[in-house]
Structure formats: C-alpha cells, structure tokens
Amino acid sequence: MKLDTRAIRYLTGEDWRVLTAVEMGSKNHEVVPTPLISQISGLRGASGVNRSISNLAKVGLTAKVKNAKYDGYRLTYGGLDYLALNAFIKRKSVYSIGNQVGVGKESDIYVVADESGKQIILKIHRLGRISFRTVKANRDYLRNRNSASWMYMSRLAAMKEFAFMKILKDNGFPVPTPLDQARHCVLMELIDSYPLRQVTSIADPPRLYADLMALILRFASQGLIHGDFNEFNILVNEETQQPVVIDFPQMVSIDHANAKEYFDRDVQCIKTFFERKFKFVSDDEGPTWDDVKRTGKLDIEVEASGFSKKQSKELDKYLQQITQLDERKGDGAGDVSADEDEDEIERNSDVEDGDDNDDEDAGDGHSSLSKDNPEMKNEA
Ligand code: ADP
Ligand code: MG
C-alpha cells in the first residue's frame, strides 16, 4: 500500500481527534462501534463527529465494517500512517515527504525531509503483507490475525528496530543514526550508499569480505546476531568502500535458542554472495560459532530501552514463521503481494470502502505536510 499524504493537510482538528479515537478504540474492539468513537473523541455535538467519521472513511484512513452485531469502523494502515506522520510533524522530526526509495519484504522506505531540509529515511513497517496462502504450516497462526494485530506487530518491529539501532550506534557500530520512532515508523539517517547487491565496483572483495566477517563477530561479541546479514542489508559506499548495516527487527541475542543457526546463516550468506558475485572463496573457513567470545552484553542492555522482553517474544514468534517462509521462497511461498493481501483483509472483514486512492501517485519531489495548514498548527 502506498503512502498518500495528500489528505493530511486538509484534516481538521476534529478529524484528528476522531482518528485518534478510532485507534484507541481498536485496542479493545476489532470493529470500533460508532458511539464509542464519539465518546472517546470527547467532542460535543454529534454532527461534527459524524462529519469527521465520514470524512476519514472517505479518504481511506478508516474503513467502515459491518459486523454481525453492530456497524463500526476500523483503522486502516493509511490511518496509522497519518497518525505516525502527525506525531513526527508535531515533534518537528518531519516536514515534507519525498520519494519512495525502497519496497522491502515488509516495509516501505521513503526519503523525507526535516524542517531544515535535511533528507532522512522514513521506514514504515508493514508486517503481514506477505502472502501466506500457499503455506500450509503455521497457516492458522498467520492467517487468523486481523489487521489490528498486524499493526501491533508492525509497531513492535519499529520499536525494536529503533532500540537496537540506538544501542548499536551508541556503541560505535556502522549503522544509520536513529532519529525518531512513532507507532510503526522509524526515522533514521539517510546513508548515501547502495546495497552491496547493487554496487558494481568493489575494489577489494577479499578486504570487504574480511570486514564483514569481522563485523559479524563484533556483533556477537556484544551478544548480538543480526539475523538477516545479507547483500540487501549491507550498504556499501562506492568511494570509501565502507559498509553500513541496516534492517534490525530480527536481531537476536547470542543466548537465543537458535543463535548458532542464525549466526551460521549470516556467515553463509556472505560466503555465498562473494563466491557467486566475485568468485571469491576465502582460505579462512571461519568464523564459526566457537570463535564467538562474549565481551559485552548489548542484548541485555537493550531491554532497558522500553522494548520489553514480552514484546520481544511476541515479535520473535511471528518472525520465526516468516523466516520459515523465506526459506521456502523457491516454492512460491512468501511472495510479496501487498495488494492481494490488503484485498483479502478487506474481504474478510466485509468492509465498505471509501475512495480508493491506491493507484494514484503522490508525485515527484517533496510535498510539504503542515506549514500552511492552520488546523495542524492548532493541534501542535
Ligand atoms: P526491509 O526490512 O523491508 O528489508 P530495509 O531496512 O532493509 O527494509 O530497507 C529496504 C531498502 O531501503 C534497503 O535495501 C535500502 O536500499 C533502502 N534503505 C533502507 N534504509 C536506508 C538508509 N538508512 N539509507 C539509505 N537507504 C536505505
Ligand atoms: Mg532489508
């Protein structure tokens, strides 16, 4: 699903309150009953609330759902995007939105700008958009989730990513500087480099290979395994040839039950890539699990960041299912099919949709979000 920010400037203060009310109501209700939205919003005057409710549905920030027992609304990913962006705008972390630069398996990546015009990266986590239909195993676990629970998982992924990026950056690891996090979104430094997979000129492959293996060991010595250490998640600067590592929602502790397996897989990913792309095979067989010597405990320290052990377990359970899907990619499982899946969610919950803005482009260049919008200033 695309980020369509055109409506953000036209939302009134009341609209924002009603949108927030739908989000709050979603914590206990899969479908939030209309009277509850009105009650939570705390707005007097039914006509204003009703106008906002219908406005929000029209621009797709909420969706009307006909439940067996009552009618109501649920938050859409579009609505969650707006709430996160609004939080960033209020905190002056974001001023305008630019182009989409990446579509990950379960994320959308945009270049945005802060108030000073500096370009930064917005990563929007979108868990649950992989298509699970071809997967037999664990299908129930994955399929029986509703959109609210996917949003919750996406939020956990963003919290975790931000917490890990922060502790890694503070400890001198080559990762982007984390800047802010709200709901399912993370803001971080824009790295002026491309993923290793796309970099055409690697001057000294053995050197880079050694650097990357050393990095895997350095993570492990601090108690951490990246868990998805591959040519897509390592950005390499063409001039300096320095690697920067990204993408942290699946990081695990070296005390994790499957730690050795994840460690070996990270090592193997690099080996396989270098052999395929550069025909480079190192004389050094390592590193192996036995080379890991713990000298620090960032895996423990990160727990103090506000991302709790319980949350970590919830996310971990989900990510393990996804990892299993990854490995079966060859069988056509785990394909990204965002539109299909969004459709499916809509069908399952019998949604009456508002305007469908999906296939329209937000356009080139940066579009400003708030400055000329008096309503949003009032909110801030
Ligand atoms: P996913 O979890 O979906 O794989 P990633 O965090 O790996 O998402 O980002 C997907 C792509 O977006 C990356 O391969 C890279 O091209 C780009 N990207 C992500 N973060 C940055 C960043 N901080 N600077 C520059 N490019 C980035
Ligand atoms: Mg990635």
# chains A, B, ... in the order shown; residues from 1 in each chain; ligands from 1

call {"tool": "residues_near_ligand", "arguments": {"ligand": "ligand 2", "cutoff": "8 Å", "atoms": "only C-alpha atoms and all ligand atoms", "output": "list in words"}}
result
Gly104, Lys105, Asp228, Phe232, Asn233, Ile246 and Asp247 of chain A

call {"tool": "write_last_selection", "arguments": {"atoms": "N, CA and C atoms", "output": "PDB file, in the first residue's frame"}}
result
ATOM      1  N   GLY A 104      10.593  -3.021   0.734  1.00  0.00           N
ATOM      2  CA  GLY A 104      11.157  -4.247   1.303  1.00  0.00           C
ATOM      3  C   GLY A 104      10.077  -5.298   1.341  1.00  0.00           C
ATOM      4  N   LYS A 105      10.448  -6.442   1.870  1.00  0.00           N
ATOM      5  CA  LYS A 105       9.512  -7.528   2.048  1.00  0.00           C
ATOM      6  C   LYS A 105       8.327  -7.045   2.860  1.00  0.00           C
ATOM      7  N   ASP A 228      19.823 -11.298   9.553  1.00  0.00           N
ATOM      8  CA  ASP A 228      19.439 -11.127   8.147  1.00  0.00           C
ATOM      9  C   ASP A 228      20.580 -10.391   7.440  1.00  0.00           C
ATOM     10  N   PHE A 232      21.473  -7.385   0.748  1.00  0.00           N
ATOM     11  CA  PHE A 232      20.435  -6.355   0.679  1.00  0.00           C
ATOM     12  C   PHE A 232      20.504  -5.416   1.888  1.00  0.00           C
ATOM     13  N   ASN A 233      21.016  -5.930   2.986  1.00  0.00           N
ATOM     14  CA  ASN A 233      21.006  -5.167   4.235  1.00  0.00           C
ATOM     15  C   ASN A 233      22.367  -4.594   4.605  1.00  0.00           C
ATOM     16  N   ILE A 246      21.962  -2.248   7.941  1.00  0.00           N
ATOM     17  CA  ILE A 246      20.596  -1.786   8.222  1.00  0.00           C
ATOM     18  C   ILE A 246      19.692  -2.981   8.530  1.00  0.00           C
ATOM     19  N   ASP A 247      18.432  -2.670   8.881  1.00  0.00           N
ATOM     20  CA  ASP A 247      17.381  -3.687   8.989  1.00  0.00           C
ATOM     21  C   ASP A 247      17.524  -4.597  10.214  1.00  0.00           C
TER      22      ASP A 247
END

call {"tool": "residues_around", "arguments": {"residues": "Arg183 of chain A", "least_positions_apart": "4", "cutoff": "9 Å", "atoms": "only C-alpha atoms", "output": "list of chain:residue names"}}
result
A:Leu80, A:Asp81, A:Leu83, A:Ala84, A:Ala87, A:Met151, A:Tyr152, A:Ser154, A:Arg155, A:Leu156, A:Ala158, A:Met159

call {"tool": "write_last_selection", "arguments": {"atoms": "N, CA and C atoms", "output": "compact mmCIF listing (two decimals), in the first residue's frame"}}
result
# COMPACT_ATOMS: atom_id res chain seq x y z
N LEU A 80 -3.14 4.71 10.22
CA LEU A 80 -1.98 4.57 11.12
C LEU A 80 -0.79 5.39 10.60
N ASP A 81 -0.61 5.38 9.28
CA ASP A 81 0.46 6.20 8.68
C ASP A 81 0.28 7.67 9.04
N LEU A 83 -1.35 9.00 11.57
CA LEU A 83 -1.12 9.24 13.00
C LEU A 83 0.37 9.31 13.30
N ALA A 84 1.13 8.41 12.68
CA ALA A 84 2.57 8.41 12.91
C ALA A 84 3.20 9.69 12.34
N ALA A 87 2.54 12.66 14.45
CA ALA A 87 3.41 12.69 15.64
C ALA A 87 4.79 13.24 15.26
N MET A 151 -0.98 -4.48 12.68
CA MET A 151 -0.49 -3.13 13.01
C MET A 151 0.30 -3.16 14.30
N TYR A 152 -0.18 -3.95 15.24
CA TYR A 152 0.53 -4.08 16.52
C TYR A 152 1.91 -4.69 16.30
N SER A 154 3.66 -4.57 13.58
CA SER A 154 4.47 -3.59 12.86
C SER A 154 5.04 -2.56 13.83
N ARG A 155 4.22 -2.19 14.80
CA ARG A 155 4.67 -1.28 15.84
C ARG A 155 5.82 -1.87 16.64
N LEU A 156 5.67 -3.15 16.99
CA LEU A 156 6.74 -3.82 17.74
C LEU A 156 8.03 -3.84 16.92
N ALA A 158 8.97 -1.72 14.68
CA ALA A 158 9.55 -0.37 14.65
C ALA A 158 10.23 -0.04 15.97
N MET A 159 9.57 -0.41 17.07
CA MET A 159 10.17 -0.15 18.39
C MET A 159 11.48 -0.90 18.54

call {"tool": "residues_near_ligand", "arguments": {"ligand": "ligand 1", "cutoff": "7 Å", "atoms": "only C-alpha atoms and all ligand atoms", "output": "number ranges by chain"}}
result
A: 101-109, 121, 123, 176, 188-195, 232-233, 246-247

call {"tool": "select_by_dssp", "arguments": {"residues": "segment 169-217 of chain A", "states": "strand (DSSP E)", "output": "MDAnalysis selection string"}}
result
chainID A and resid 178:182 185:189 194:195

call {"tool": "write_last_selection", "arguments": {"atoms": "N, CA and C atoms", "output": "PDB file, in the first residue's frame"}}
result
ATOM      1  N   PRO A 178      19.710   6.510  14.386  1.00  0.00           N
ATOM      2  CA  PRO A 178      18.252   6.521  14.531  1.00  0.00           C
ATOM      3  C   PRO A 178      17.806   7.907  14.997  1.00  0.00           C
ATOM      4  N   LEU A 179      16.724   8.416  14.434  1.00  0.00           N
ATOM      5  CA  LEU A 179      16.329   9.790  14.739  1.00  0.00           C
ATOM      6  C   LEU A 179      15.032   9.881  15.535  1.00  0.00           C
ATOM      7  N   ASP A 180      14.065   9.073  15.198  1.00  0.00           N
ATOM      8  CA  ASP A 180      12.791   9.136  15.913  1.00  0.00           C
ATOM      9  C   ASP A 180      11.987   7.883  15.569  1.00  0.00           C
ATOM     10  N   GLN A 181      11.000   7.603  16.395  1.00  0.00           N
ATOM     11  CA  GLN A 181      10.123   6.453  16.132  1.00  0.00           C
ATOM     12  C   GLN A 181       8.724   6.803  16.613  1.00  0.00           C
ATOM     13  N   ALA A 182       7.737   6.495  15.817  1.00  0.00           N
ATOM     14  CA  ALA A 182       6.344   6.681  16.221  1.00  0.00           C
ATOM     15  C   ALA A 182       5.529   5.555  15.618  1.00  0.00           C
ATOM     16  N   CYS A 185       6.556   3.403  12.530  1.00  0.00           N
ATOM     17  CA  CYS A 185       7.524   4.110  11.677  1.00  0.00           C
ATOM     18  C   CYS A 185       8.817   4.460  12.401  1.00  0.00           C
ATOM     19  N   VAL A 186       9.913   4.387  11.657  1.00  0.00           N
ATOM     20  CA  VAL A 186      11.222   4.772  12.188  1.00  0.00           C
ATOM     21  C   VAL A 186      11.832   5.819  11.257  1.00  0.00           C
ATOM     22  N   LEU A 187      12.415   6.838  11.858  1.00  0.00           N
ATOM     23  CA  LEU A 187      13.185   7.815  11.087  1.00  0.00           C
ATOM     24  C   LEU A 187      14.651   7.577  11.366  1.00  0.00           C
ATOM     25  N   MET A 188      15.451   7.615  10.317  1.00  0.00           N
ATOM     26  CA  MET A 188      16.892   7.404  10.503  1.00  0.00           C
ATOM     27  C   MET A 188      17.676   8.188   9.473  1.00  0.00           C
ATOM     28  N   GLU A 189      18.953   8.262   9.740  1.00  0.00           N
ATOM     29  CA  GLU A 189      19.879   8.921   8.839  1.00  0.00           C
ATOM     30  C   GLU A 189      19.822   8.271   7.450  1.00  0.00           C
ATOM     31  N   TYR A 194      24.594   2.340  -1.654  1.00  0.00           N
ATOM     32  CA  TYR A 194      23.639   1.359  -2.157  1.00  0.00           C
ATOM     33  C   TYR A 194      23.871  -0.004  -1.527  1.00  0.00           C
ATOM     34  N   PRO A 195      22.831  -0.840  -1.557  1.00  0.00           N
ATOM     35  CA  PRO A 195      23.023  -2.197  -1.057  1.00  0.00           C
ATOM     36  C   PRO A 195      24.124  -2.909  -1.835  1.00  0.00           C
TER      37      PRO A 195
END

call {"tool": "select_by_dssp", "arguments": {"residues": "segment 171-308 of chain A", "states": "alpha helix (DSSP H)", "output": "PyMOL selection string"}}
result
chain A and resi 205-221+259-278+298-301

call {"tool": "atom_distance", "arguments": {"atom1": "atom CA of Met165 of chain A", "atom2": "atom CA of Gly296 of chain A"}}
result
16.2 Å

call {"tool": "residues_around", "arguments": {"residues": "segment 249-260 of chain A", "least_positions_apart": "5", "cutoff": "6 Å", "atoms": "only C-alpha atoms", "output": "number ranges by chain"}}
result
A: 157, 160-161, 223-227, 299
